[in-house]
file work20.csv (CSV, C-alpha atoms)
chain,number,residue,atom,x,y,z
A,1,SER,CA,89.6,53.2,46.8
A,2,VAL,CA,90.8,50.3,48.9
A,3,GLN,CA,91.0,51.1,52.7
A,4,ASP,CA,93.2,49.1,55.1
A,5,PHE,CA,91.0,46.5,56.7
A,6,THR,CA,91.2,43.0,58.3
A,7,VAL,CA,89.8,39.9,56.5
A,8,ALA,CA,89.4,36.4,58.0
A,9,ILE,CA,88.6,33.0,56.6
A,10,ILE,CA,86.8,30.7,59.0
A,11,GLY,CA,85.2,27.3,58.8
A,12,GLU,CA,81.5,26.8,58.8
A,13,ASN,CA,81.5,25.3,62.3
A,14,THR,CA,84.0,27.7,63.9
A,15,LYS,CA,82.9,28.7,67.4
A,16,THR,CA,85.6,31.2,68.2
A,17,SER,CA,85.1,35.0,68.0
A,18,VAL,CA,85.6,36.6,64.6
A,19,ASP,CA,88.7,38.7,64.0
A,20,GLY,CA,88.1,40.9,61.0
A,21,GLN,CA,85.8,43.4,59.2
A,22,LEU,CA,85.2,41.0,56.3
A,23,VAL,CA,84.7,37.3,57.0
A,24,VAL,CA,84.7,34.5,54.3
A,25,ILE,CA,83.4,31.0,55.1
A,26,SER,CA,85.7,28.3,53.8
A,27,GLY,CA,84.0,26.2,51.2
A,28,ALA,CA,81.6,23.4,51.9
A,29,ASP,CA,81.5,20.0,50.2
A,30,LYS,CA,79.2,19.3,47.2
A,31,GLU,CA,76.6,17.6,49.3
A,32,SER,CA,76.3,20.5,51.7
A,33,ILE,CA,76.0,23.0,48.8
A,34,ASN,CA,73.3,20.9,47.2
A,35,SER,CA,71.3,20.6,50.5
A,36,ARG,CA,71.3,24.3,51.6
A,37,ASP,CA,67.8,25.1,52.9
A,38,ASP,CA,65.9,28.3,53.2
A,39,ASP,CA,67.5,29.0,56.6
A,40,PHE,CA,71.0,29.1,55.2
A,41,LEU,CA,71.2,32.8,54.4
A,42,GLU,CA,69.1,33.8,57.4
A,43,LYS,CA,71.5,32.1,59.7
A,44,TRP,CA,74.5,34.0,58.3
A,45,CYS,CA,72.5,37.3,58.3
A,46,GLU,CA,72.1,36.8,62.0
A,47,PHE,CA,75.8,36.0,62.4
A,48,ALA,CA,76.8,39.2,60.5
A,49,THR,CA,74.5,41.3,62.7
A,50,ARG,CA,75.7,39.7,65.9
A,51,ASN,CA,79.4,40.0,65.1
A,52,LYS,CA,79.2,43.4,63.2
A,53,VAL,CA,81.0,42.0,60.2
A,54,PHE,CA,80.6,41.8,56.5
A,55,ILE,CA,80.4,38.1,55.5
A,56,VAL,CA,80.5,35.9,52.4
A,57,PRO,CA,78.8,32.7,53.7
A,58,GLY,CA,79.8,30.3,50.9
A,59,LEU,CA,78.4,28.8,47.7
A,60,TYR,CA,74.7,28.0,47.5
A,61,ILE,CA,72.2,27.3,44.8
A,62,GLU,CA,69.2,29.5,43.9
A,63,ASP,CA,67.0,29.3,40.9
A,64,ASN,CA,69.3,26.8,39.3
A,65,TYR,CA,72.3,29.1,39.6
A,66,LEU,CA,75.4,28.6,41.7
A,67,CYS,CA,75.7,31.8,43.8
A,68,LEU,CA,77.8,33.8,46.2
A,69,CYS,CA,76.5,36.7,48.2
A,70,LEU,CA,77.8,39.4,50.5
A,71,ILE,CA,76.0,40.3,53.7
A,72,ASP,CA,76.7,43.6,55.4
A,73,ASP,CA,77.3,44.2,59.1
A,74,ARG,CA,73.6,44.9,59.6
A,75,GLY,CA,72.6,41.5,58.3
A,76,LYS,CA,71.4,42.6,54.8
A,77,VAL,CA,72.3,40.9,51.6
A,78,VAL,CA,74.0,43.8,49.6
A,79,GLY,CA,75.1,41.8,46.5
A,80,VAL,CA,74.7,38.5,44.8
A,81,GLN,CA,77.0,37.0,42.0
A,82,LYS,CA,75.9,34.0,39.9
A,83,ALA,CA,78.6,31.8,38.5
A,84,CYS,CA,79.5,32.6,34.9
A,85,HIS,CA,81.0,29.1,34.3
A,86,ILE,CA,79.9,25.7,35.7
A,87,ASN,CA,81.9,22.6,36.3
A,88,LYS,CA,79.3,20.2,34.8
A,89,GLU,CA,81.0,17.2,36.4
A,90,ASN,CA,80.1,18.6,39.9
A,91,PHE,CA,76.9,20.5,39.1
A,92,PRO,CA,75.4,19.0,35.9
A,93,GLU,CA,72.0,20.6,36.3
A,94,LEU,CA,73.0,24.2,36.9
A,95,ILE,CA,73.1,27.0,34.4
A,96,ARG,CA,75.4,29.9,34.1
A,97,ASP,CA,75.0,33.7,34.0
A,98,SER,CA,76.8,36.4,32.1
A,99,ASN,CA,76.6,39.4,34.4
A,100,LEU,CA,79.3,40.8,36.7
A,101,ASN,CA,78.2,42.5,39.8
A,102,ILE,CA,80.7,44.8,41.5
A,103,ILE,CA,79.6,45.5,45.1
A,104,GLU,CA,80.3,48.7,47.0
A,105,THR,CA,81.5,48.4,50.6
A,106,PRO,CA,83.0,50.9,53.1
A,107,PHE,CA,86.5,49.3,52.5
A,108,ALA,CA,86.6,48.4,48.8
A,109,ARG,CA,84.6,47.5,45.7
A,110,VAL,CA,84.2,43.7,45.8
A,111,PHE,CA,83.8,41.1,43.2
A,112,LEU,CA,82.5,37.6,44.2
A,113,CYS,CA,84.1,34.9,42.2
A,114,ALA,CA,82.0,31.8,42.3
A,115,ASP,CA,83.7,28.4,42.1
A,116,VAL,CA,85.5,27.7,38.8
A,117,ASP,CA,85.2,31.3,37.7
A,118,ILE,CA,88.6,31.9,39.4
A,119,TYR,CA,90.2,29.8,36.6
A,120,LYS,CA,88.9,32.3,34.0
A,121,PRO,CA,91.5,35.1,33.8
A,122,GLU,CA,89.5,37.1,31.3
A,123,LEU,CA,86.6,37.2,33.8
A,124,VAL,CA,88.7,38.4,36.7
A,125,ARG,CA,90.3,41.0,34.5
A,126,ALA,CA,86.9,42.1,33.3
A,127,ALA,CA,85.8,42.5,37.0
A,128,VAL,CA,89.0,44.5,37.8
A,129,PHE,CA,88.4,46.7,34.7
A,130,SER,CA,84.8,47.2,35.9
A,131,GLY,CA,86.1,48.6,39.2
A,132,ALA,CA,86.7,45.6,41.5
A,133,GLU,CA,89.4,46.2,44.1
A,134,ILE,CA,89.1,43.0,46.1
A,135,ILE,CA,88.3,39.5,44.7
A,136,ILE,CA,86.6,37.0,47.0
A,137,SER,CA,86.8,33.5,45.6
A,138,VAL,CA,85.0,30.5,47.1
A,139,GLN,CA,85.4,27.1,45.5
A,140,TYR,CA,84.4,23.5,45.7
A,141,ILE,CA,87.4,21.2,44.9
A,142,GLN,CA,87.1,17.5,44.5
A,143,GLY,CA,89.3,15.6,47.0
A,144,ASN,CA,91.5,13.9,44.4
A,145,ARG,CA,92.2,17.2,42.7
A,146,CYS,CA,93.2,19.4,45.7
A,147,ASN,CA,96.8,20.4,45.3
A,148,GLU,CA,99.0,23.5,45.2
A,149,SER,CA,98.7,23.9,41.4
A,150,MET,CA,94.9,24.5,41.8
A,151,VAL,CA,95.6,27.6,43.8
A,152,LEU,CA,98.6,28.7,41.7
A,153,ALA,CA,96.6,28.4,38.5
A,154,GLY,CA,93.6,30.2,39.9
A,155,ALA,CA,93.7,32.7,42.8
A,156,TRP,CA,97.4,33.2,43.0
A,157,GLN,CA,97.9,33.8,39.2
A,158,ASN,CA,95.0,36.3,39.1
A,159,ALA,CA,96.3,38.2,42.1
A,160,GLN,CA,99.6,38.7,40.3
A,161,GLN,CA,98.2,39.5,36.9
A,162,ASN,CA,95.8,42.1,38.3
A,163,CYS,CA,97.7,43.4,41.3
A,164,VAL,CA,94.7,42.7,43.6
A,165,TYR,CA,94.1,41.0,46.9
A,166,ILE,CA,92.2,37.7,46.5
A,167,ILE,CA,90.6,36.0,49.5
A,168,ASN,CA,90.4,32.4,48.3
A,169,ALA,CA,88.4,29.8,50.4
A,170,HIS,CA,87.6,26.2,49.5
A,171,ASN,CA,86.5,23.0,51.2
A,172,PHE,CA,90.1,22.2,52.2
A,173,GLY,CA,90.9,25.6,53.7
A,174,GLY,CA,91.9,28.7,52.0
A,175,ASN,CA,94.5,31.4,51.4
A,176,ILE,CA,94.7,35.2,51.6
A,177,ILE,CA,96.7,36.2,48.6
A,178,GLY,CA,98.1,39.5,47.2
A,179,PRO,CA,100.7,40.7,44.8
A,180,CYS,CA,104.0,39.1,45.7
A,181,GLU,CA,105.5,42.3,47.3
A,182,THR,CA,102.6,42.5,49.8
A,183,SER,CA,103.7,39.3,51.5
A,184,GLU,CA,106.6,39.0,53.9
A,185,ASP,CA,108.3,36.2,52.0
A,186,LEU,CA,107.4,37.7,48.6
A,187,SER,CA,105.5,34.5,47.7
A,188,GLY,CA,102.2,36.3,47.4
A,189,PHE,CA,100.7,34.1,50.1
A,190,ILE,CA,99.9,36.5,53.0
A,191,LYS,CA,98.2,33.7,55.1
A,192,ARG,CA,97.5,30.1,54.4
A,193,MET,CA,94.8,27.9,56.0
A,194,GLY,CA,95.1,24.1,55.9
A,195,SER,CA,92.5,21.6,56.6
A,196,GLU,CA,93.5,21.4,60.3
A,197,ALA,CA,93.2,25.1,60.9
A,198,ASN,CA,89.9,26.8,62.1
A,199,SER,CA,90.7,30.3,60.9
A,200,ILE,CA,93.2,32.7,59.5
A,201,SER,CA,93.2,36.5,59.3
A,202,ALA,CA,95.3,39.3,57.9
A,203,ASN,CA,95.3,43.1,57.5
A,204,LEU,CA,95.2,44.1,53.9
A,205,SER,CA,97.2,47.3,53.3
A,206,SER,CA,96.3,49.6,50.5
A,207,LYS,CA,99.8,51.2,50.8
A,208,ALA,CA,101.5,47.8,50.2
A,209,ARG,CA,99.3,47.1,47.2
A,210,ASP,CA,100.0,50.5,45.7
A,211,LYS,CA,103.7,50.0,46.2
A,212,ALA,CA,103.5,46.6,44.4
A,213,TYR,CA,101.7,48.2,41.5
A,214,ASP,CA,104.2,51.0,41.3
A,215,SER,CA,106.9,48.4,40.9
A,216,PHE,CA,105.0,46.7,38.1
A,217,PRO,CA,102.3,48.9,36.6
A,218,ILE,CA,100.7,46.2,34.5
A,219,PHE,CA,97.7,48.2,33.3
A,220,LYS,CA,99.7,51.0,31.8
A,221,THR,CA,100.8,48.7,29.0
A,222,LEU,CA,97.3,47.4,28.2
A,223,ASN,CA,95.0,48.6,25.4
A,224,THR,CA,91.9,49.1,27.6
A,225,ASP,CA,89.6,49.9,24.7
A,226,LEU,CA,90.5,46.6,23.0
A,227,TYR,CA,89.9,44.7,26.3
A,228,GLN,CA,86.5,46.3,26.8
A,229,LYS,CA,85.4,45.3,23.3
A,230,ALA,CA,86.6,41.8,23.9
A,231,PHE,CA,84.8,41.6,27.3
A,232,LYS,CA,81.6,42.7,25.7
A,233,GLN,CA,81.9,40.1,23.0
A,234,GLU,CA,82.7,37.4,25.6
A,235,GLY,CA,79.8,38.5,27.8
A,236,ASP,CA,77.4,38.0,24.8
A,237,HIS,CA,78.1,34.3,24.8
A,238,LEU,CA,79.1,33.4,28.3

call {"tool": "encode", "arguments": {"input": "work20.csv", "output": "structure tokens"}}
result
Amino acid sequence: SVQDFTVAIIGENTKTSVDGQLVVISGADKESINSRDDDFLEKWCEFATRNKVFIVPGLYIEDNYLCLCLIDDRGKVVGVQKACHINKENFPELIRDSNLNIIETPFARVFLCADVDIYKPELVRAAVFSGAEIIISVQYIQGNRCNESMVLAGAWQNAQQNCVYIINAHNFGGNIIGPCETSEDLSGFIKRMGSEANSISANLSSKARDKAYDSFPIFKTLNTDLYQKAFKQEGDHL
């Protein structure tokens, strides 16, 4: 089950010390994602080892898939998730995958939500039903489309619908989001990071999340057998 732990979102060029057990790098622009070289993951594996943190280093392309990975505090890649949906306007040459990979960590079972997958509520729910307790979403957002509704329609909505914490990073900053009752102002936004900030961090409380679920036990009203059949059919043609 989810343990209390500290998460941080930092920029790629942040020079300050890292505050958190889990670090997510705020999203890069499209040109940077397309130009990742072989040293990209190696650099972040060294960073994870040096700072003794788990880290999600951002979107990268491998074998024509858009990917996210999780690196543990010893510098080892412990899980990779390929995007199940692709924005063809941004990445016309890439292909999509149909597998969900739930990654075990000391603090929670993690699902990595690559780019526009955060706008697919059926995918996030499938991940939660598969055991995910924390969602890490990293996106590339075009400059003329970056607004509050992009976050509300994606990460915020899925945090409420599934009563989970979502760490959402993108190329204009990021947000640490939870069920509304887990935030001080009941907005669901535990911490926000604008384009001028270098980092944000927050402690994610399992007790607060459980209390929020007790107030609105959404899964008790769902037909899980029906969902599982639907997810299997969806997975067959993702």

call {"tool": "residues_around", "arguments": {"input": "work20.csv", "residues": "Val24 in chain A", "least_positions_apart": "2", "cutoff": "8 Å", "atoms": "all atoms listed in the file", "output": "MDAnalysis selection string"}}
result
chainID A and resid 7:10 22 26 55:58 136 167 169

call {"tool": "atom_distance", "arguments": {"input": "work20.csv", "atom1": "CA of Phe40 in chain A", "atom2": "CA of Gly11 in chain A"}}
result
14.8 Å

call {"tool": "atom_distance", "arguments": {"input": "work20.csv", "atom1": "CA of Asp38 in chain A", "atom2": "CA of Ile118 in chain A"}}
result
26.8 Å

call {"tool": "atom_distance", "arguments": {"input": "work20.csv", "atom1": "CA of Gly20 in chain A", "atom2": "CA of Ser35 in chain A"}}
result
28.4 Å

call {"tool": "closest_residue", "arguments": {"input": "work20.csv", "among": "A:Ala159, A:Asp37, A:Arg209, A:Phe172", "to": "Asn147 in chain A", "atoms": "all atoms listed in the file"}}
result
A:Phe172

call {"tool": "closest_residue", "arguments": {"input": "work20.csv", "among": "A:His85, A:Asn51, A:Gly79, A:Tyr140", "to": "Ile33 in chain A", "atoms": "only C-alpha atoms"}}
result
A:Tyr140

call {"tool": "closest_residue", "arguments": {"input": "work20.csv", "among": "A:Asn90, A:Thr14, A:Gln3, A:Ser98", "to": "Leu204 in chain A", "atoms": "all atoms listed in the file"}}
result
A:Gln3

call {"tool": "closest_residue", "arguments": {"input": "work20.csv", "among": "A:Asn99, A:Ser205, A:Asn87, A:Gln139", "to": "Thr182 in chain A", "atoms": "all atoms listed in the file"}}
result
A:Ser205

call {"tool": "closest_residue", "arguments": {"input": "work20.csv", "among": "A:Phe107, A:Glu181, A:Pro92, A:Arg50", "to": "Thr6 in chain A", "atoms": "all atoms listed in the file"}}
result
A:Phe107

call {"tool": "closest_residue", "arguments": {"input": "work20.csv", "among": "A:Ala153, A:Val53, A:Val124, A:Ala83", "to": "Thr105 in chain A", "atoms": "all atoms listed in the file"}}
result
A:Val53

call {"tool": "residues_around", "arguments": {"input": "work20.csv", "residues": "Ala212 in chain A", "least_positions_apart": "4", "cutoff": "10 Å", "atoms": "all atoms listed in the file", "output": "MDAnalysis selection string"}}
result
chainID A and resid 160 163:164 178:182 206:208 216:217

call {"tool": "residues_around", "arguments": {"input": "work20.csv", "residues": "Asn171 in chain A", "least_positions_apart": "3", "cutoff": "12 Å", "atoms": "all atoms listed in the file", "output": "VMD selection string"}}
result
chain A and resid 9 to 12 25 to 33 58 to 59 115 137 to 143 145 to 146 168 174 to 175 193 to 197

call {"tool": "write_last_selection", "arguments": {"input": "work20.csv", "atoms": "C-alpha atoms", "output": "compact mmCIF listing (two decimals), in the coordinates of the input"}}
result
# COMPACT_ATOMS: atom_id res chain seq x y z
CA ILE A 9 88.60 33.00 56.60
CA ILE A 10 86.80 30.70 59.00
CA GLY A 11 85.20 27.30 58.80
CA GLU A 12 81.50 26.80 58.80
CA ILE A 25 83.40 31.00 55.10
CA SER A 26 85.70 28.30 53.80
CA GLY A 27 84.00 26.20 51.20
CA ALA A 28 81.60 23.40 51.90
CA ASP A 29 81.50 20.00 50.20
CA LYS A 30 79.20 19.30 47.20
CA GLU A 31 76.60 17.60 49.30
CA SER A 32 76.30 20.50 51.70
CA ILE A 33 76.00 23.00 48.80
CA GLY A 58 79.80 30.30 50.90
CA LEU A 59 78.40 28.80 47.70
CA ASP A 115 83.70 28.40 42.10
CA SER A 137 86.80 33.50 45.60
CA VAL A 138 85.00 30.50 47.10
CA GLN A 139 85.40 27.10 45.50
CA TYR A 140 84.40 23.50 45.70
CA ILE A 141 87.40 21.20 44.90
CA GLN A 142 87.10 17.50 44.50
CA GLY A 143 89.30 15.60 47.00
CA ARG A 145 92.20 17.20 42.70
CA CYS A 146 93.20 19.40 45.70
CA ASN A 168 90.40 32.40 48.30
CA GLY A 174 91.90 28.70 52.00
CA ASN A 175 94.50 31.40 51.40
CA MET A 193 94.80 27.90 56.00
CA GLY A 194 95.10 24.10 55.90
CA SER A 195 92.50 21.60 56.60
CA GLU A 196 93.50 21.40 60.30
CA ALA A 197 93.20 25.10 60.90

call {"tool": "axis_aligned_box", "arguments": {"input": "work20.csv", "around": "range 18-34 of chain A", "padding_each_side": "4 Å", "output": "lines of an AutoDock Vina configuration file"}}
result
center_x = 81.0
center_y = 30.5
center_z = 55.9
size_x = 23.4
size_y = 33.8
size_z = 25.4

call {"tool": "decode", "arguments": {"input": "work20.csv", "residues": "range 88-182 of chain A", "atoms": "C-alpha atoms", "output": "compact mmCIF listing (two decimals), in the first residue's frame"}}
result
# COMPACT_ATOMS: atom_id res chain seq x y z
CA LYS A 88 0.29 12.55 -34.42
CA GLU A 89 0.53 16.32 -34.83
CA ASN A 90 3.53 16.36 -32.50
CA PHE A 91 5.06 12.93 -33.14
CA PRO A 92 3.83 11.76 -36.58
CA GLU A 93 6.38 8.95 -36.97
CA LEU A 94 5.85 7.23 -33.64
CA ILE A 95 3.82 4.11 -32.94
CA ARG A 96 1.81 3.20 -29.86
CA ASP A 97 1.81 0.28 -27.47
CA SER A 98 -0.98 -1.60 -25.69
CA ASN A 99 0.70 -2.79 -22.49
CA LEU A 100 0.37 -1.32 -19.00
CA ASN A 101 3.38 -1.71 -16.73
CA ILE A 102 2.77 -1.24 -13.00
CA ILE A 103 6.09 -0.71 -11.22
CA GLU A 104 6.73 -1.80 -7.64
CA THR A 105 8.63 0.67 -5.44
CA PRO A 106 9.23 0.88 -1.68
CA PHE A 107 6.61 3.62 -1.36
CA ALA A 108 3.87 2.65 -3.84
CA ARG A 109 2.97 0.84 -7.04
CA VAL A 110 3.56 3.36 -9.83
CA PHE A 111 2.10 3.84 -13.29
CA LEU A 112 3.94 6.09 -15.74
CA CYS A 113 1.48 7.97 -17.94
CA ALA A 114 3.21 9.11 -21.13
CA ASP A 115 2.13 12.38 -22.75
CA VAL A 116 -1.50 12.34 -24.02
CA ASP A 117 -2.34 9.10 -22.22
CA ILE A 118 -3.35 11.32 -19.27
CA TYR A 119 -6.38 12.40 -21.36
CA LYS A 120 -7.61 8.80 -21.65
CA PRO A 121 -9.62 8.16 -18.45
CA GLU A 122 -10.21 4.52 -19.39
CA LEU A 123 -6.44 3.97 -19.49
CA VAL A 124 -5.81 5.57 -16.09
CA ARG A 125 -8.65 3.58 -14.54
CA ALA A 126 -7.27 0.40 -16.08
CA ALA A 127 -3.92 1.19 -14.45
CA VAL A 128 -5.59 1.79 -11.08
CA PHE A 129 -7.58 -1.43 -11.39
CA SER A 130 -4.29 -3.17 -12.20
CA GLY A 131 -2.86 -2.01 -8.88
CA ALA A 132 -1.37 1.45 -9.53
CA GLU A 133 -1.41 3.66 -6.43
CA ILE A 134 0.50 6.68 -7.80
CA ILE A 135 0.29 8.08 -11.34
CA ILE A 136 3.25 9.96 -12.80
CA SER A 137 2.26 11.96 -15.87
CA VAL A 138 4.80 13.74 -18.09
CA GLN A 139 3.53 15.70 -21.08
CA TYR A 140 4.63 17.86 -23.96
CA ILE A 141 2.12 20.69 -24.48
CA GLN A 142 2.22 23.03 -27.47
CA GLY A 143 2.69 26.64 -26.40
CA ASN A 144 -0.57 27.89 -27.88
CA ARG A 145 -2.51 25.15 -26.07
CA CYS A 146 -1.12 25.49 -22.56
CA ASN A 147 -3.91 26.57 -20.22
CA GLU A 148 -5.66 25.52 -17.04
CA SER A 149 -8.23 23.42 -18.88
CA MET A 150 -5.46 21.10 -20.15
CA VAL A 151 -4.65 20.20 -16.55
CA LEU A 152 -8.26 20.02 -15.40
CA ALA A 153 -9.26 17.73 -18.29
CA GLY A 154 -6.31 15.44 -17.73
CA ALA A 155 -4.39 15.02 -14.49
CA TRP A 156 -6.84 16.78 -12.16
CA GLN A 157 -9.91 14.95 -13.46
CA ASN A 158 -8.21 11.55 -13.22
CA ALA A 159 -6.99 12.23 -9.68
CA GLN A 160 -10.59 12.88 -8.60
CA GLN A 161 -12.17 10.02 -10.56
CA ASN A 162 -9.70 7.46 -9.20
CA CYS A 163 -8.88 8.94 -5.78
CA VAL A 164 -5.12 8.83 -6.46
CA TYR A 165 -2.18 11.19 -6.32
CA ILE A 166 -0.98 12.32 -9.74
CA ILE A 167 2.38 13.99 -10.26
CA ASN A 168 1.90 15.89 -13.51
CA ALA A 169 4.94 17.51 -15.17
CA HIS A 170 5.03 19.29 -18.51
CA ASN A 171 7.21 21.71 -20.44
CA PHE A 172 5.58 24.73 -18.75
CA GLY A 173 5.93 23.46 -15.17
CA GLY A 174 3.78 20.98 -13.35
CA ASN A 175 1.42 20.18 -10.50
CA ILE A 176 1.22 17.75 -7.61
CA ILE A 177 -2.45 16.77 -7.51
CA GLY A 178 -4.58 14.61 -5.24
CA PRO A 179 -8.22 14.04 -4.33
CA CYS A 180 -9.67 17.41 -3.36
CA GLU A 181 -9.72 16.60 0.37
CA THR A 182 -5.94 16.01 0.39
